[in-house]
>>> print(open('start-v5.tsv').read())   # TSV, C-alpha atoms
chain	number	residue	atom	x	y	z
B	676	MET	CA	114.60	91.90	145.39
B	677	ILE	CA	114.41	88.66	147.33
B	678	ILE	CA	116.55	88.10	150.41
B	679	ALA	CA	116.57	84.43	151.34
B	680	VAL	CA	117.32	83.96	155.04
B	681	ALA	CA	118.73	80.51	155.68
B	682	GLY	CA	120.52	78.95	158.58
B	683	VAL	CA	123.55	76.81	159.00
B	684	GLY	CA	121.26	74.84	161.28
B	685	THR	CA	117.87	74.97	162.93
B	686	GLY	CA	117.02	77.33	165.76
B	687	VAL	CA	119.85	79.77	165.01
B	688	GLY	CA	117.73	82.92	164.99
B	689	LYS	CA	116.51	83.16	161.38
B	690	THR	CA	113.10	84.54	162.37
B	691	HIS	CA	114.65	87.16	164.63
B	692	VAL	CA	116.97	88.26	161.81
B	693	ALA	CA	114.20	88.16	159.18
B	694	CYS	CA	111.88	90.26	161.37
B	695	ALA	CA	114.63	92.77	162.16
B	696	LEU	CA	115.42	93.06	158.46
B	697	VAL	CA	111.79	93.60	157.44
B	698	GLY	CA	111.24	96.06	160.28
B	699	GLY	CA	114.36	98.04	159.41
B	700	LEU	CA	113.46	98.19	155.74
B	701	ARG	CA	109.92	99.33	156.55
B	702	ASP	CA	111.29	101.95	158.96
B	703	HIS	CA	113.24	103.29	155.97
B	704	LYS	CA	110.01	103.45	153.93
B	705	LYS	CA	110.78	100.41	151.78
B	706	LYS	CA	107.87	98.26	150.68
B	707	ALA	CA	109.14	95.12	152.40
B	708	VAL	CA	107.42	91.94	153.48
B	709	GLY	CA	108.50	88.78	155.26
B	710	TRP	CA	107.27	85.32	154.34
B	711	LYS	CA	107.95	81.78	155.51
B	712	PRO	CA	106.22	79.47	153.06
B	713	VAL	CA	106.37	76.32	155.22
B	714	GLU	CA	106.53	76.06	159.00
B	715	SER	CA	106.51	72.86	161.02
B	716	GLY	CA	105.85	72.47	164.72
B	717	VAL	CA	102.69	74.62	164.62
B	718	THR	CA	99.69	73.49	166.63
B	719	ALA	CA	96.41	75.17	167.57
B	720	ASP	CA	98.08	76.25	170.83
B	721	SER	CA	101.21	77.71	169.20
B	722	LYS	CA	101.98	81.30	170.07
B	723	ASN	CA	104.51	83.57	168.39
B	724	THR	CA	105.01	81.30	165.42
B	725	ASP	CA	107.45	82.42	162.76
B	726	GLU	CA	104.47	83.16	160.50
B	727	GLN	CA	102.80	85.32	163.18
B	728	LEU	CA	105.98	87.29	163.87
B	729	LEU	CA	106.65	87.91	160.16
B	730	THR	CA	103.01	88.89	159.58
B	731	GLU	CA	103.13	91.37	162.45
B	732	VAL	CA	106.33	93.09	161.32
B	733	SER	CA	105.09	93.13	157.70
B	734	GLY	CA	101.83	94.85	158.55
B	735	GLY	CA	99.81	91.87	157.34
B	736	ALA	CA	100.25	88.42	155.87
B	737	ALA	CA	102.36	88.29	152.73
B	738	ALA	CA	100.89	84.97	151.59
B	739	PRO	CA	99.59	81.83	153.23
B	740	THR	CA	102.03	79.65	155.13
B	741	LEU	CA	101.73	75.88	155.04
B	742	ARG	CA	101.46	75.04	158.75
B	743	LEU	CA	102.49	71.55	159.77
B	744	GLN	CA	102.01	70.15	163.26
B	745	ALA	CA	104.98	67.86	163.83
B	746	ALA	CA	108.15	69.63	164.97
B	747	ILE	CA	110.30	67.78	162.44
B	748	ALA	CA	111.65	68.51	158.96
B	749	PRO	CA	108.77	69.95	156.89
B	750	ASN	CA	108.93	67.21	154.25
B	751	MET	CA	108.51	64.55	156.94
B	752	ALA	CA	105.74	66.49	158.72
B	753	ALA	CA	103.91	66.96	155.41
B	754	ARG	CA	104.17	63.24	154.66
B	755	ARG	CA	102.73	62.41	158.11
B	756	GLU	CA	99.81	64.77	157.51
B	757	GLY	CA	99.19	63.62	153.94
B	758	VAL	CA	100.03	67.06	152.59
B	759	THR	CA	102.15	67.88	149.57
B	760	ILE	CA	104.68	70.72	149.65
B	761	ASP	CA	104.13	72.21	146.19
B	762	ALA	CA	107.51	73.65	145.17
B	763	VAL	CA	106.10	75.18	141.97
B	764	ALA	CA	103.18	76.89	143.72
B	765	ILE	CA	105.52	78.30	146.38
B	766	LYS	CA	107.90	79.56	143.69
B	767	ASN	CA	104.99	81.21	141.86
B	768	THR	CA	103.78	82.88	145.06
B	769	LEU	CA	107.31	84.13	145.73
B	770	ALA	CA	107.53	85.55	142.19
B	771	GLU	CA	104.20	87.36	142.69
B	772	LEU	CA	105.33	88.79	146.03
B	773	ASN	CA	108.54	89.94	144.35
B	774	LYS	CA	106.49	91.88	141.77
B	775	LYS	CA	104.39	93.58	144.48
B	776	HIS	CA	107.15	94.52	146.94
B	777	GLU	CA	110.54	96.19	146.79
B	778	VAL	CA	111.97	93.54	149.09
B	779	VAL	CA	110.71	90.07	150.01
B	780	VAL	CA	112.47	88.54	153.00
B	781	LEU	CA	112.02	84.81	152.51
B	782	GLU	CA	112.65	82.74	155.62
B	783	LEU	CA	113.46	79.15	154.80
B	784	ALA	CA	112.65	76.29	157.15
B	785	GLY	CA	115.80	74.94	158.78
B	786	GLY	CA	119.23	75.18	157.26
B	787	LEU	CA	120.26	76.04	153.73
B	788	PHE	CA	120.66	72.33	152.99
B	789	SER	CA	117.69	71.08	155.01
B	790	PRO	CA	114.98	69.32	153.00
B	791	PHE	CA	112.54	71.63	151.20
B	792	ASP	CA	110.35	68.75	150.09
B	793	ASP	CA	110.93	65.06	149.34
B	794	LEU	CA	113.05	65.86	146.26
B	795	LEU	CA	114.97	69.07	146.94
B	796	ASP	CA	116.77	70.80	149.75
B	797	ASN	CA	116.28	74.53	150.38
B	798	ALA	CA	119.34	75.53	148.33
B	799	GLU	CA	118.36	73.36	145.38
B	800	TRP	CA	114.83	74.77	145.44
B	801	LEU	CA	116.16	78.35	145.55
B	802	ALA	CA	118.49	77.66	142.63
B	803	ARG	CA	115.66	76.16	140.57
B	804	CYS	CA	113.38	79.11	141.30
B	805	ASN	CA	115.65	81.20	139.10
B	806	LEU	CA	114.66	84.40	140.93
B	807	ALA	CA	118.23	85.48	141.81
B	808	PRO	CA	117.75	85.74	145.57
B	809	ARG	CA	120.36	87.39	147.73
B	810	GLY	CA	121.37	84.86	150.34
B	811	LEU	CA	121.77	85.70	154.01
B	812	LEU	CA	123.16	83.00	156.30
B	813	VAL	CA	122.41	82.97	160.01
B	814	GLY	CA	124.47	80.93	162.44
B	815	TRP	CA	125.39	80.70	166.09
B	816	ASP	CA	128.25	82.91	167.24
B	817	LYS	CA	130.37	80.03	168.52
B	818	LEU	CA	133.68	78.35	168.08
B	819	GLY	CA	133.72	76.33	164.84
B	820	ILE	CA	131.07	78.37	163.04
B	821	LEU	CA	133.55	79.58	160.41
B	822	HIS	CA	133.78	76.04	159.05
B	823	ASP	CA	129.99	75.71	158.90
B	824	ILE	CA	129.60	79.10	157.22
B	825	SER	CA	132.43	78.48	154.72
B	826	SER	CA	131.07	75.05	153.84
B	827	SER	CA	127.61	76.47	153.27
B	828	ILE	CA	128.92	79.29	151.09
B	829	ARG	CA	130.99	76.91	148.96
B	830	ALA	CA	128.11	74.49	148.55
B	831	ALA	CA	125.72	77.34	147.67
B	832	ARG	CA	128.15	78.63	145.04
B	833	ALA	CA	128.25	75.18	143.45
B	834	LEU	CA	124.49	75.56	142.86
B	835	GLY	CA	124.89	79.08	141.47
B	836	LEU	CA	123.61	80.80	144.63
B	837	ALA	CA	125.37	83.81	146.09
B	838	ILE	CA	125.56	84.51	149.80
B	839	HIS	CA	125.53	88.27	150.33
B	840	GLY	CA	125.69	88.40	154.10
B	841	ILE	CA	126.28	86.52	157.31
B	842	VAL	CA	124.68	87.13	160.69
B	843	LEU	CA	126.02	85.47	163.81
B	844	ALA	CA	123.39	85.35	166.52
>>> encode(input="start-v5.tsv", output="structure tokens")
Amino acid sequence: MIIAVAGVGTGVGKTHVACALVGGLRDHKKKAVGWKPVESGVTADSKNTDEQLLTEVSGGAAAPTLRLQAAIAPNMAARREGVTIDAVAIKNTLAELNKKHEVVVLELAGGLFSPFDDLLDNAEWLARCNLAPRGLLVGWDKLGILHDISSSIRAARALGLAIHGIVLA
């Protein structure tokens, strides 16, 4: 099973939620792993990156993370660094992780509709992966969030994605 953790924005607590989910599953003896395929804003001096936190709670790295230095949308950071975000390779890695583990907690970069690469947003990429992920939305616990959550759920449905849970941080 794949649980895709996406935000209704950036910096809403996705990594905290993803780590708590992996940790809870592992505490209940589930073979669970957390993975963030692409992370921007990572430099040589970065501490407690999303990748590091997910690796720690998972008991080891699930798969390599594409680390990008600029703290901007991953597609833009990749372009700056002359790197290609390979949507097919990431999908294949996710499928392999899904075969090896009971649960893969996939943390997406940014919001559900943030760019995945230069062609797709996160939701479009998930839909094209055809791996039937269970969606989990994370948002700020604030006035107006119901609109953001509802809009995201409706837009996800239009792509054939199901949101199975909501966490307000």
>>> residues_near_point(input="start-v5.tsv", point="(107.6, 77.1, 143.6)", cutoff="12 Å", atoms="all atoms listed in the file", output="number ranges by chain")
B: 712-713, 760-771, 791-792, 795, 797, 799-806
>>> atom_distance(input="start-v5.tsv", atom1="CA of Lys705 in chain B", atom2="CA of Glu777 in chain B")
6.5 Å
>>> closest_residue(input="start-v5.tsv", among="B:Glu782, B:Asp796, B:Asp702, B:Asp816", to="Gly734 in chain B", atoms="all atoms listed in the file")
B:Asp702
>>> atom_distance(input="start-v5.tsv", atom1="CA of Leu787 in chain B", atom2="CA of Asp720 in chain B")
28.0 Å
>>> residues_around(input="start-v5.tsv", residues="Gly684 in chain B", least_positions_apart="5", cutoff="9 Å", atoms="all atoms listed in the file", output="list in words")
Gly785, Gly786, Leu787, Phe788, Ser789, Val813, Gly814 and Trp815 of chain B
>>> residues_around(input="start-v5.tsv", residues="Arg701 in chain B", least_positions_apart="4", cutoff="10 Å", atoms="all atoms listed in the file", output="list in words")
Ala695, Leu696, Val697, Lys705, Lys706, Ala707, Val708, Val732, Ser733, Gly734 and Val778 of chain B
>>> atom_distance(input="start-v5.tsv", atom1="CA of Ile824 in chain B", atom2="CA of Pro749 in chain B")
22.8 Å
>>> residues_around(input="start-v5.tsv", residues="range 839-843 of chain B", least_positions_apart="6", cutoff="10 Å", atoms="all atoms listed in the file", output="PyMOL selection string")
chain B and resi 678-682+687-689+692+808-817+820+824+828
>>> closest_residue(input="start-v5.tsv", among="B:His776, B:Arg829, B:His703, B:Arg742", to="Val717 in chain B", atoms="only C-alpha atoms")
B:Arg742
>>> residues_around(input="start-v5.tsv", residues="Asp823 in chain B", least_positions_apart="4", cutoff="8 Å", atoms="all atoms listed in the file", output="PyMOL selection string")
chain B and resi 683+819+827
>>> closest_residue(input="start-v5.tsv", among="B:Ala784, B:Val758, B:Ala798, B:Leu729", to="Ala833 in chain B", atoms="all atoms listed in the file")
B:Ala798
>>> closest_residue(input="start-v5.tsv", among="B:Leu741, B:Ile838, B:Ala748, B:Arg755", to="Ser826 in chain B", atoms="all atoms listed in the file")
B:Ile838
>>> closest_residue(input="start-v5.tsv", among="B:Lys722, B:Leu781, B:Ala752, B:Lys711", to="Thr740 in chain B", atoms="only C-alpha atoms")
B:Lys711
>>> closest_residue(input="start-v5.tsv", among="B:Met676, B:Ser715, B:Leu794, B:Gly709", to="Gly735 in chain B", atoms="all atoms listed in the file")
B:Gly709
>>> build_atoms(input="start-v5.tsv", residues="range 687-714 of chain B", atoms="N, CA and C atoms", output="mmCIF file, keeping the file's coordinate frame")
data_model
loop_
_atom_site.group_PDB
_atom_site.id
_atom_site.type_symbol
_atom_site.label_atom_id
_atom_site.label_comp_id
_atom_site.auth_asym_id
_atom_site.auth_seq_id
_atom_site.Cartn_x
_atom_site.Cartn_y
_atom_site.Cartn_z
ATOM 1 N N VAL B 687 118.713 78.861 164.887
ATOM 2 C CA VAL B 687 119.850 79.770 165.010
ATOM 3 C C VAL B 687 119.462 81.243 165.030
ATOM 4 N N GLY B 688 118.178 81.532 164.915
ATOM 5 C CA GLY B 688 117.730 82.920 164.990
ATOM 6 C C GLY B 688 117.291 83.510 163.658
ATOM 7 N N LYS B 689 116.925 82.667 162.703
ATOM 8 C CA LYS B 689 116.510 83.160 161.380
ATOM 9 C C LYS B 689 115.301 84.090 161.481
ATOM 10 N N THR B 690 114.313 83.721 162.277
ATOM 11 C CA THR B 690 113.100 84.540 162.370
ATOM 12 C C THR B 690 113.422 85.890 162.982
ATOM 13 N N HIS B 691 114.243 85.899 164.005
ATOM 14 C CA HIS B 691 114.650 87.160 164.630
ATOM 15 C C HIS B 691 115.324 88.055 163.598
ATOM 16 N N VAL B 692 116.245 87.491 162.836
ATOM 17 C CA VAL B 692 116.970 88.260 161.810
ATOM 18 C C VAL B 692 116.012 88.710 160.714
ATOM 19 N N ALA B 693 115.143 87.810 160.241
ATOM 20 C CA ALA B 693 114.200 88.160 159.180
ATOM 21 C C ALA B 693 113.268 89.291 159.622
ATOM 22 N N CYS B 694 112.765 89.211 160.852
ATOM 23 C CA CYS B 694 111.880 90.260 161.370
ATOM 24 C C CYS B 694 112.618 91.586 161.512
ATOM 25 N N ALA B 695 113.838 91.536 162.016
ATOM 26 C CA ALA B 695 114.630 92.770 162.160
ATOM 27 C C ALA B 695 114.890 93.393 160.790
ATOM 28 N N LEU B 696 115.160 92.570 159.807
ATOM 29 C CA LEU B 696 115.420 93.060 158.460
ATOM 30 C C LEU B 696 114.169 93.704 157.867
ATOM 31 N N VAL B 697 113.045 93.026 157.952
ATOM 32 C CA VAL B 697 111.790 93.600 157.440
ATOM 33 C C VAL B 697 111.456 94.884 158.171
ATOM 34 N N GLY B 698 111.548 94.862 159.496
ATOM 35 C CA GLY B 698 111.240 96.060 160.280
ATOM 36 C C GLY B 698 112.138 97.233 159.928
ATOM 37 N N GLY B 699 113.431 96.974 159.783
ATOM 38 C CA GLY B 699 114.360 98.040 159.410
ATOM 39 C C GLY B 699 114.081 98.604 158.037
ATOM 40 N N LEU B 700 113.780 97.733 157.100
ATOM 41 C CA LEU B 700 113.460 98.190 155.740
ATOM 42 C C LEU B 700 112.179 99.032 155.744
ATOM 43 N N ARG B 701 111.180 98.575 156.481
ATOM 44 C CA ARG B 701 109.920 99.330 156.550
ATOM 45 C C ARG B 701 110.114 100.666 157.267
ATOM 46 N N ASP B 702 110.976 100.679 158.280
ATOM 47 C CA ASP B 702 111.290 101.950 158.960
ATOM 48 C C ASP B 702 111.920 102.948 157.993
ATOM 49 N N HIS B 703 112.611 102.436 156.984
ATOM 50 C CA HIS B 703 113.240 103.290 155.970
ATOM 51 C C HIS B 703 112.352 103.443 154.741
ATOM 52 N N LYS B 704 111.044 103.214 154.948
ATOM 53 C CA LYS B 704 110.010 103.450 153.930
ATOM 54 C C LYS B 704 110.127 102.552 152.710
ATOM 55 N N LYS B 705 110.728 101.390 152.866
ATOM 56 C CA LYS B 705 110.780 100.410 151.780
ATOM 57 C C LYS B 705 109.531 99.531 151.862
ATOM 58 N N LYS B 706 109.017 99.166 150.727
ATOM 59 C CA LYS B 706 107.870 98.260 150.680
ATOM 60 C C LYS B 706 108.424 96.844 150.829
ATOM 61 N N ALA B 707 108.528 96.405 152.092
ATOM 62 C CA ALA B 707 109.140 95.120 152.400
ATOM 63 C C ALA B 707 108.129 94.220 153.108
ATOM 64 N N VAL B 708 108.297 92.927 152.881
ATOM 65 C CA VAL B 708 107.420 91.940 153.480
ATOM 66 C C VAL B 708 108.235 90.697 153.808
ATOM 67 N N GLY B 709 107.852 90.031 154.891
ATOM 68 C CA GLY B 709 108.500 88.780 155.260
ATOM 69 C C GLY B 709 107.549 87.621 155.046
ATOM 70 N N TRP B 710 108.105 86.494 154.598
ATOM 71 C CA TRP B 710 107.270 85.320 154.340
ATOM 72 C C TRP B 710 108.049 84.043 154.609
ATOM 73 N N LYS B 711 107.420 83.133 155.313
ATOM 74 C CA LYS B 711 107.950 81.780 155.510
ATOM 75 C C LYS B 711 106.920 80.840 154.906
ATOM 76 N N PRO B 712 107.223 80.256 153.763
ATOM 77 C CA PRO B 712 106.220 79.470 153.060
ATOM 78 C C PRO B 712 105.777 78.196 153.777
ATOM 79 N N VAL B 713 106.689 77.574 154.536
ATOM 80 C CA VAL B 713 106.370 76.320 155.220
ATOM 81 C C VAL B 713 106.928 76.400 156.638
ATOM 82 N N GLU B 714 106.080 76.061 157.604
ATOM 83 C CA GLU B 714 106.530 76.060 159.000
ATOM 84 C C GLU B 714 106.011 74.812 159.689
#
